[in-house]
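Below: one structure, written as structure tokens.
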Amino acid sequence: MTQEQTRAQEAPPQDLPSGERSHGRVRQSGIYLAGLAGGRPSVPVEWSALEAAAGAALPAASFGYLAGGAGQGHTMTANAAALERWRIVPRMMRGSATRDLRTELLGHTYPSPLLLAPLGALECAHPQADLAVARAAAAAGVPYVFSSQASVDMETCAEAMGDAPRMFQLYWSSDDDLTRSFVQRAEGVGARAIVLTLDTTLLGWRPRDLDQGYLPFMRGQGMAQYLSDPVFRSHLNEAGSPEPGSSAAPPTPTPALLDAMQALGAKGKHHGLSLAQMLAAVARFSATFARPDLNWDDLSRLREWTRLPILLKGILHPDDAREAVQRGADALIVSNHGGRQIDGSLGALDALPGVIEAAGGLPVLFDSGIRGGADIFKALALGARAVLLGRPYAYGLTLAGEAGVREVIANVLAELDLTLALAGVPRVQDLHPGVLARA
Ligand SMILES: Cc1cc2nc3c(=O)[nH]c(=O)nc-3n(C[C@H](O)[C@H](O)[C@H](O)COP(=O)(O)O)c2cc1C
């Protein structure tokens with residue numbers, strides 16, 4: 001343990017801001033009081049109930065896309081197990097009446113160590129999709145990372161957020177001009193950083209989606225950043241390049257196919273595109289999404305394209321962290337994409353300490369498996385600067401749109417707040433590995 005950590009553990013901080021920054025008790029008593037009158041939270045607080053309620057509310061294909069993982073789901077299990085293996089060791093009598101969740105990241109101070117992860121194709125969850133999330137994030141002061149695969153374009157979301165913090169997550173297309181256009185647009189909408197996702201140069205093998213024959217992008221879903229992009233649109237009158245496997249005969253015009261075409265046509269209308277252009281858009285997206293040859297030199301190029309801080313999402317190996325530092329990354333995100341890319345990968349939290357050690361002081365963020373405030377507590381105690389919340393807010397969105405996302409954010413932060421109080425560490429910045437024990 002460092003001297004600083006020892007000091008933090010021995011002496012309760014005296015210089016907390018006077019106002020109560022944390023609302024765990026307020027949230028808790030609000031729910032119990034409403035319960036007296038028979039009220040129950042419309043968005044379940046308990047994780048498995050939340051997931052089950054979202055599952056019951058959605059068609060199987062949509063829920064499968066949100067909840068599913070790669071292969072047999074072993075990586076998702078490993079994410080939960082990695083968190084479970086650490087236990088919190090509470091300290092008593094430390095005067096934790098006021099908590100301080102404020103977190104500094106890349107020159108900005110945020111009210112809490114929480115960000116909303118980029119989630120593609122959120123129209124699977126709710127028709128307002130990213131727009132509802134953007135509004136909820138702005139209301140909570142929680143930074144929202146816009147996805148490259150968003151269902152609402154970044155300009156519309158940014159406008160709905162006012163000055164509230166956002167970042168842009170980049171999938172590096174095989175069309176460099178498009179990638180560069182995304183980066184420029186992100187700068188234009190006031191993104192505070194580019195989050196380059198490294199783990200999805202190809203789509204993982206996802207049995208739940210395969211068994212439903214369902215990929216949102218084939219239906220034009222989750223493509224708003226592309227359909228609104230001048231570079232992407234400039235290609236839509238060209239004949240699409242054939243996709244691997246697309247040499248098969250065209251599908252029979254079944255009622256399902258006609259429905260899909262109708263939905264594609266309606267989406268095209270929204271973007272001022274004809275059905276033929278939408279078909280070209282899907283073909284072009286399919287042909288250019290994959291970038292399996294992405295390499296470290298690309299990061300150096302991205303560095304030249306933008307002055308925004310660059311966060312690398314998907315780092316799991318210390319050597320990759322070292323390379324990222326050398327190549328000028330500003331922060332890293334330890335993540336295995338919520339177990340959606342590789343089956344049998346290590347639990348993300350198991351990778352965190354090694355990456356932090358190799359990152360040489362660069363901020364390291366964490367996602368993959370965060371379900372509640374105690375999980376956040378553990379990730380921060382192991383050294384993460386902040387965490388990204390994923391599936392839980394998608395389920396809140398499913399159940400109650402913007403209000404549902406707000407509920408989930410409030411619940412997660414309330415639990416973090418109460419956990420800090422009960423564990424005797426009132427400030428998130430004072431968390432350190434000594435507050436945990438290996439199970
Ligand atoms: C439905 C869904 C869509 C996702 N889309 C993206 C995406 O577009 N870009 C990205 O970088 N990560 C994406 N992710 C990964 C998340 O950003 C995050 O890493 C993951 O959700 C963390 O796992 P958890 O939700 O199980 O905690 C997606 C995850 C889900 C569940």
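Ligands are numbered from 1 in the order shown, residues from 1 within each chain, and chains are lettered A, B, ... in the order they appear in the structure tokens.
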
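The binding environment of ligand 1, defined as every protein, DNA or RNA residue with an atom no more than 6 Å away and counting only C-alpha atoms and all ligand atoms, comprises Tyr65, Leu66, Ala117, Pro118, Leu119, Gly120, Ser147, Ser148, Gln149, Gln169, Thr197, Ser335, His337, Gly338, Asp367, Ser368, Gly369, Ile370, Leu389, Gly390 and Arg391 of chain A.
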
Residues from the last selection, N, CA and C atoms, saved as a PDB file, in the first residue's frame:
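Final file, part26.pdb:
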```pdb
ATOM      1  N   TYR A  65     -30.417  -9.504 -29.002  1.00  0.00           N
ATOM      2  CA  TYR A  65     -29.330  -8.617 -29.429  1.00  0.00           C
ATOM      3  C   TYR A  65     -28.751  -7.860 -28.226  1.00  0.00           C
ATOM      4  N   LEU A  66     -29.603  -7.417 -27.322  1.00  0.00           N
ATOM      5  CA  LEU A  66     -29.117  -6.655 -26.164  1.00  0.00           C
ATOM      6  C   LEU A  66     -28.397  -7.555 -25.162  1.00  0.00           C
ATOM      7  N   ALA A 117     -22.002   3.774 -21.479  1.00  0.00           N
ATOM      8  CA  ALA A 117     -21.228   3.116 -22.535  1.00  0.00           C
ATOM      9  C   ALA A 117     -21.918   3.301 -23.892  1.00  0.00           C
ATOM     10  N   PRO A 118     -21.135   3.257 -24.955  1.00  0.00           N
ATOM     11  CA  PRO A 118     -21.757   3.298 -26.285  1.00  0.00           C
ATOM     12  C   PRO A 118     -22.467   1.975 -26.566  1.00  0.00           C
ATOM     13  N   LEU A 119     -23.744   2.040 -26.861  1.00  0.00           N
ATOM     14  CA  LEU A 119     -24.519   0.839 -27.208  1.00  0.00           C
ATOM     15  C   LEU A 119     -25.173   1.080 -28.562  1.00  0.00           C
ATOM     16  N   GLY A 120     -24.885   0.202 -29.509  1.00  0.00           N
ATOM     17  CA  GLY A 120     -25.445   0.353 -30.845  1.00  0.00           C
ATOM     18  C   GLY A 120     -26.874  -0.160 -30.933  1.00  0.00           C
ATOM     19  N   SER A 147     -22.524   6.084 -29.761  1.00  0.00           N
ATOM     20  CA  SER A 147     -21.996   4.938 -30.505  1.00  0.00           C
ATOM     21  C   SER A 147     -21.906   5.249 -32.002  1.00  0.00           C
ATOM     22  N   SER A 148     -20.908   4.666 -32.654  1.00  0.00           N
ATOM     23  CA  SER A 148     -20.862   4.692 -34.126  1.00  0.00           C
ATOM     24  C   SER A 148     -22.107   4.014 -34.701  1.00  0.00           C
ATOM     25  N   GLN A 149     -22.670   3.066 -33.938  1.00  0.00           N
ATOM     26  CA  GLN A 149     -23.838   2.328 -34.429  1.00  0.00           C
ATOM     27  C   GLN A 149     -25.132   2.864 -33.841  1.00  0.00           C
ATOM     28  N   GLN A 169     -17.803   7.366 -29.741  1.00  0.00           N
ATOM     29  CA  GLN A 169     -17.134   6.079 -29.919  1.00  0.00           C
ATOM     30  C   GLN A 169     -16.996   5.786 -31.410  1.00  0.00           C
ATOM     31  N   THR A 197     -12.871   2.020 -30.390  1.00  0.00           N
ATOM     32  CA  THR A 197     -13.091   0.631 -29.947  1.00  0.00           C
ATOM     33  C   THR A 197     -12.209  -0.294 -30.774  1.00  0.00           C
ATOM     34  N   SER A 335     -12.045  -3.510 -21.152  1.00  0.00           N
ATOM     35  CA  SER A 335     -13.391  -3.966 -21.533  1.00  0.00           C
ATOM     36  C   SER A 335     -13.249  -5.192 -22.417  1.00  0.00           C
ATOM     37  N   HIS A 337     -16.089  -5.861 -24.126  1.00  0.00           N
ATOM     38  CA  HIS A 337     -17.300  -5.599 -24.911  1.00  0.00           C
ATOM     39  C   HIS A 337     -18.509  -6.336 -24.322  1.00  0.00           C
ATOM     40  N   GLY A 338     -18.484  -6.493 -22.998  1.00  0.00           N
ATOM     41  CA  GLY A 338     -19.595  -7.198 -22.362  1.00  0.00           C
ATOM     42  C   GLY A 338     -19.708  -8.633 -22.826  1.00  0.00           C
ATOM     43  N   ASP A 367     -15.224  -1.267 -18.088  1.00  0.00           N
ATOM     44  CA  ASP A 367     -16.596  -1.762 -18.227  1.00  0.00           C
ATOM     45  C   ASP A 367     -16.596  -3.262 -18.457  1.00  0.00           C
ATOM     46  N   SER A 368     -17.777  -3.807 -18.482  1.00  0.00           N
ATOM     47  CA  SER A 368     -18.065  -5.232 -18.699  1.00  0.00           C
ATOM     48  C   SER A 368     -18.407  -5.918 -17.393  1.00  0.00           C
ATOM     49  N   GLY A 369     -19.684  -5.849 -17.068  1.00  0.00           N
ATOM     50  CA  GLY A 369     -20.187  -6.548 -15.897  1.00  0.00           C
ATOM     51  C   GLY A 369     -20.692  -5.647 -14.788  1.00  0.00           C
ATOM     52  N   ILE A 370     -20.592  -4.327 -14.968  1.00  0.00           N
ATOM     53  CA  ILE A 370     -21.078  -3.425 -13.916  1.00  0.00           C
ATOM     54  C   ILE A 370     -22.606  -3.505 -13.855  1.00  0.00           C
ATOM     55  N   LEU A 389     -21.371   2.170 -17.791  1.00  0.00           N
ATOM     56  CA  LEU A 389     -22.530   1.307 -17.580  1.00  0.00           C
ATOM     57  C   LEU A 389     -23.088   0.920 -18.945  1.00  0.00           C
ATOM     58  N   GLY A 390     -23.416  -0.370 -19.115  1.00  0.00           N
ATOM     59  CA  GLY A 390     -23.903  -0.827 -20.416  1.00  0.00           C
ATOM     60  C   GLY A 390     -25.326  -1.352 -20.354  1.00  0.00           C
ATOM     61  N   ARG A 391     -25.452  -2.675 -20.334  1.00  0.00           N
ATOM     62  CA  ARG A 391     -26.780  -3.294 -20.452  1.00  0.00           C
ATOM     63  C   ARG A 391     -27.816  -2.753 -19.460  1.00  0.00           C
TER      64      ARG A 391
END
```

Check which residues of range 288-353 of chain A sit at most 8 Å from range 176-188 of chain A using only C-alpha atoms, and return one row each with the closest pair of atoms and their distance in Å to one decimal, ordered by chain and rising number, as a tab-separated table.
```
residue	atom	partner	partner_atom	distance
A:Trp305	CA	A:Arg180	CA	7.4
A:Thr306	CA	A:Val183	CA	7.3
A:Leu308	CA	A:Glu187	CA	7.5
```

Export, as a PDB file, in the first residue's frame, the selected residues with C-alpha atoms.
```
ATOM      1  CA  TRP A 305      -6.460  13.798 -37.381  1.00  0.00           C
ATOM      2  CA  THR A 306      -7.758  15.156 -34.086  1.00  0.00           C
ATOM      3  CA  LEU A 308      -9.416  15.506 -28.951  1.00  0.00           C
TER       4      LEU A 308
END
```

Which residue out of A:Ser112, A:Ser228, A:Gln262, A:Gln128 has the minimum interatomic distance to Ala281 in chain A when only C-alpha atoms are used?
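Closest to Ala281 in chain A of all the choices is A:Ser228.
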
Do you know which residues are at most 12 Å from Arg385 in chain A counting only C-alpha atoms, after dropping those on the same chain fewer than 4 positions away, and could you put them as a compact mmCIF listing (two decimals) with C-alpha atoms, in the first residue's frame?
```txt
# COMPACT_ATOMS: atom_id res chain seq x y z
CA LEU A 101 -18.48 11.05 -5.82
CA ARG A 102 -16.76 13.72 -7.92
CA THR A 103 -14.27 12.38 -10.40
CA GLU A 104 -11.63 14.09 -12.50
CA LEU A 105 -11.07 12.79 -16.01
CA LEU A 106 -8.94 14.36 -18.75
CA THR A 109 -14.59 17.19 -13.18
CA TYR A 110 -17.71 15.02 -13.30
CA SER A 112 -19.71 10.85 -10.38
CA PRO A 113 -17.35 8.20 -11.75
CA LEU A 114 -20.05 6.93 -14.13
CA LEU A 115 -20.32 7.18 -17.92
CA ALA A 331 -6.75 6.98 -21.57
CA LEU A 332 -7.61 3.29 -21.75
CA ILE A 333 -10.81 1.39 -21.20
CA VAL A 334 -10.46 -2.15 -19.94
CA LEU A 352 -7.72 -4.37 -14.78
CA ILE A 356 -3.32 -0.14 -14.73
CA GLY A 361 -0.38 6.77 -14.76
CA LEU A 362 -2.71 7.14 -17.76
CA PRO A 363 -6.34 7.06 -16.59
CA VAL A 364 -7.84 3.61 -16.99
CA LEU A 365 -11.61 3.21 -17.18
CA PHE A 366 -13.51 -0.02 -16.88
CA ASP A 367 -16.60 -1.76 -18.23
CA ILE A 376 -18.37 0.29 -9.30
CA PHE A 377 -16.83 0.46 -5.83
CA LYS A 378 -14.72 -2.62 -6.59
CA ALA A 379 -13.52 -1.40 -9.99
CA LEU A 380 -12.56 1.98 -8.56
CA ALA A 381 -10.85 0.37 -5.59
CA VAL A 428 -14.38 7.92 -4.40
CA GLN A 429 -10.95 9.39 -4.91
CA ASP A 430 -9.81 7.74 -1.69
CA LEU A 431 -10.70 4.22 -2.80
CA HIS A 432 -7.72 1.88 -2.95
```

Could you list, as a list in words, every residue within 10 Å of Asp153 in chain A, counting only C-alpha atoms and ignoring same-chain residues fewer than 5 positions away?
Asp130, Leu131, Phe146, Ser147, Ser148, Ala158, Gly222, Met223, Ala224, Gln225, Tyr226, Leu227, Ser228 and Asp229 of chain A

Write out, as a tab-separated table (two decimals), in the first residue's frame, the residues just selected, with C-alpha atoms.
```tsv
chain	number	residue	atom	x	y	z
A	130	ASP	CA	-30.19	7.28	-28.18
A	131	LEU	CA	-32.22	10.45	-27.92
A	146	PHE	CA	-22.35	8.18	-28.57
A	147	SER	CA	-22.00	4.94	-30.51
A	148	SER	CA	-20.86	4.69	-34.13
A	158	ALA	CA	-25.89	16.60	-28.94
A	222	GLY	CA	-28.25	1.30	-35.74
A	223	MET	CA	-27.01	3.11	-38.84
A	224	ALA	CA	-27.94	6.73	-38.12
A	225	GLN	CA	-24.34	8.00	-38.05
A	226	TYR	CA	-23.80	6.51	-41.50
A	227	LEU	CA	-27.10	7.52	-43.08
A	228	SER	CA	-26.52	11.10	-41.95
A	229	ASP	CA	-22.92	11.25	-43.11
```

Find the residues around range 253-256 of chain A up to 12 Å (only C-alpha atoms counted), leave out those fewer than 5 positions away in its own chain, and share them as a list in words.
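Here the qualifying residues turn out to be Gly213, Tyr214, Arg219, Met261, Gln262 and Ala263 of chain A.
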
Since we have the selection now, will you write its residues out, keeping N, CA and C atoms, as a short mmCIF file (atom, residue, chain, number, x, y, z; two decimals), in the first residue's frame?
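Final output, result-v6.cif:
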```
data_model
loop_
_atom_site.label_atom_id
_atom_site.label_comp_id
_atom_site.auth_asym_id
_atom_site.auth_seq_id
_atom_site.Cartn_x
_atom_site.Cartn_y
_atom_site.Cartn_z
N GLY A 213 -31.65 -15.23 -36.85
CA GLY A 213 -31.36 -14.67 -38.17
C GLY A 213 -31.46 -13.16 -38.14
N TYR A 214 -31.01 -12.55 -37.03
CA TYR A 214 -31.28 -11.14 -36.80
C TYR A 214 -30.01 -10.34 -36.55
N ARG A 219 -31.13 -4.45 -41.36
CA ARG A 219 -32.46 -3.84 -41.51
C ARG A 219 -32.38 -2.32 -41.46
N MET A 261 -38.49 -4.89 -45.88
CA MET A 261 -38.29 -3.88 -46.92
C MET A 261 -39.11 -2.62 -46.61
N GLN A 262 -40.31 -2.86 -46.07
CA GLN A 262 -41.17 -1.72 -45.73
C GLN A 262 -40.50 -0.88 -44.63
N ALA A 263 -39.95 -1.58 -43.63
CA ALA A 263 -39.28 -0.88 -42.53
C ALA A 263 -38.06 -0.11 -43.06
#
```

Which is closer to Asp298 in chain A than all the others in A:His271, A:Arg284, A:Arg40, A:Arg327, using only C-alpha atoms?
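Among the listed residues, the smallest separation from Asp298 in chain A belongs to A:Arg327.
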
Output as JSON lines one row per residue of range 46-155 of chain A within 8 Å of range 399-419 of chain A: the closest atom pair and its distance in Å to one decimal place, counting only C-alpha atoms, sorted by chain and residue number ascending.
```
{"residue": "A:Ala53", "atom": "CA", "partner": "A:Leu399", "partner_atom": "CA", "distance": 7.5}
{"residue": "A:Ala54", "atom": "CA", "partner": "A:Leu399", "partner_atom": "CA", "distance": 6.2}
{"residue": "A:Ala57", "atom": "CA", "partner": "A:Leu399", "partner_atom": "CA", "distance": 7.2}
{"residue": "A:Arg99", "atom": "CA", "partner": "A:Asp417", "partner_atom": "CA", "distance": 6.7}
{"residue": "A:Leu101", "atom": "CA", "partner": "A:Asp417", "partner_atom": "CA", "distance": 7.5}
{"residue": "A:Ser112", "atom": "CA", "partner": "A:Leu413", "partner_atom": "CA", "distance": 7.9}
{"residue": "A:His126", "atom": "CA", "partner": "A:Gly401", "partner_atom": "CA", "distance": 6.4}
{"residue": "A:Gln128", "atom": "CA", "partner": "A:Gly401", "partner_atom": "CA", "distance": 7.1}
{"residue": "A:Ala129", "atom": "CA", "partner": "A:Gly401", "partner_atom": "CA", "distance": 7.7}
{"residue": "A:Ala132", "atom": "CA", "partner": "A:Glu402", "partner_atom": "CA", "distance": 4.4}
{"residue": "A:Val133", "atom": "CA", "partner": "A:Glu402", "partner_atom": "CA", "distance": 5.8}
{"residue": "A:Arg135", "atom": "CA", "partner": "A:Glu402", "partner_atom": "CA", "distance": 6.7}
{"residue": "A:Ala136", "atom": "CA", "partner": "A:Arg406", "partner_atom": "CA", "distance": 5.3}
{"residue": "A:Ala137", "atom": "CA", "partner": "A:Arg406", "partner_atom": "CA", "distance": 7.4}
{"residue": "A:Ala139", "atom": "CA", "partner": "A:Arg406", "partner_atom": "CA", "distance": 7.9}
{"residue": "A:Ala140", "atom": "CA", "partner": "A:Arg406", "partner_atom": "CA", "distance": 7.3}
```

For the selection just defined, write its residues with N, CA and C atoms to a file, as a JSON list (two decimals), in the first residue's frame.
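Heads up, here's the output in selection-v2.json:
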```json
[["chain", "number", "residue", "atom", "x", "y", "z"],
["A", 53, "ALA", "N", -37.49, -8.25, -16.73],
["A", 53, "ALA", "CA", -38.59, -7.37, -17.16],
["A", 53, "ALA", "C", -38.33, -6.88, -18.58],
["A", 54, "ALA", "N", -37.08, -6.55, -18.89],
["A", 54, "ALA", "CA", -36.77, -6.11, -20.25],
["A", 54, "ALA", "C", -37.00, -7.25, -21.23],
["A", 57, "ALA", "N", -40.54, -7.66, -22.04],
["A", 57, "ALA", "CA", -41.15, -6.54, -22.78],
["A", 57, "ALA", "C", -40.76, -6.52, -24.26],
["A", 99, "ARG", "N", -20.81, 12.12, 1.43],
["A", 99, "ARG", "CA", -19.97, 11.44, 0.43],
["A", 99, "ARG", "C", -19.67, 12.38, -0.73],
["A", 101, "LEU", "N", -18.67, 11.97, -4.69],
["A", 101, "LEU", "CA", -18.48, 11.05, -5.82],
["A", 101, "LEU", "C", -17.73, 11.72, -6.98],
["A", 112, "SER", "N", -19.86, 12.23, -10.87],
["A", 112, "SER", "CA", -19.71, 10.85, -10.38],
["A", 112, "SER", "C", -18.74, 10.13, -11.31],
["A", 126, "HIS", "N", -36.01, 0.70, -27.61],
["A", 126, "HIS", "CA", -37.05, 1.73, -27.47],
["A", 126, "HIS", "C", -37.01, 2.62, -28.71],
["A", 128, "GLN", "N", -37.30, 5.76, -29.10],
["A", 128, "GLN", "CA", -36.53, 7.01, -28.96],
["A", 128, "GLN", "C", -35.04, 6.76, -28.81],
["A", 129, "ALA", "N", -34.69, 5.54, -28.53],
["A", 129, "ALA", "CA", -33.30, 5.08, -28.55],
["A", 129, "ALA", "C", -32.33, 6.10, -27.93],
["A", 132, "ALA", "N", -33.42, 9.39, -26.11],
["A", 132, "ALA", "CA", -33.87, 9.25, -24.72],
["A", 132, "ALA", "C", -32.68, 9.11, -23.78],
["A", 133, "VAL", "N", -31.69, 8.36, -24.21],
["A", 133, "VAL", "CA", -30.50, 8.16, -23.37],
["A", 133, "VAL", "C", -29.75, 9.49, -23.21],
["A", 135, "ARG", "N", -30.89, 12.48, -23.30],
["A", 135, "ARG", "CA", -31.61, 13.39, -22.38],
["A", 135, "ARG", "C", -31.42, 12.94, -20.93],
["A", 136, "ALA", "N", -31.48, 11.64, -20.72],
["A", 136, "ALA", "CA", -31.33, 11.13, -19.34],
["A", 136, "ALA", "C", -29.91, 11.39, -18.84],
["A", 137, "ALA", "N", -28.94, 11.17, -19.71],
["A", 137, "ALA", "CA", -27.54, 11.38, -19.31],
["A", 137, "ALA", "C", -27.32, 12.85, -18.98],
["A", 139, "ALA", "N", -29.49, 15.04, -17.99],
["A", 139, "ALA", "CA", -30.16, 15.40, -16.74],
["A", 139, "ALA", "C", -29.33, 14.97, -15.53],
["A", 140, "ALA", "N", -28.62, 13.87, -15.66],
["A", 140, "ALA", "CA", -27.85, 13.34, -14.53],
["A", 140, "ALA", "C", -26.41, 13.88, -14.52]]
```
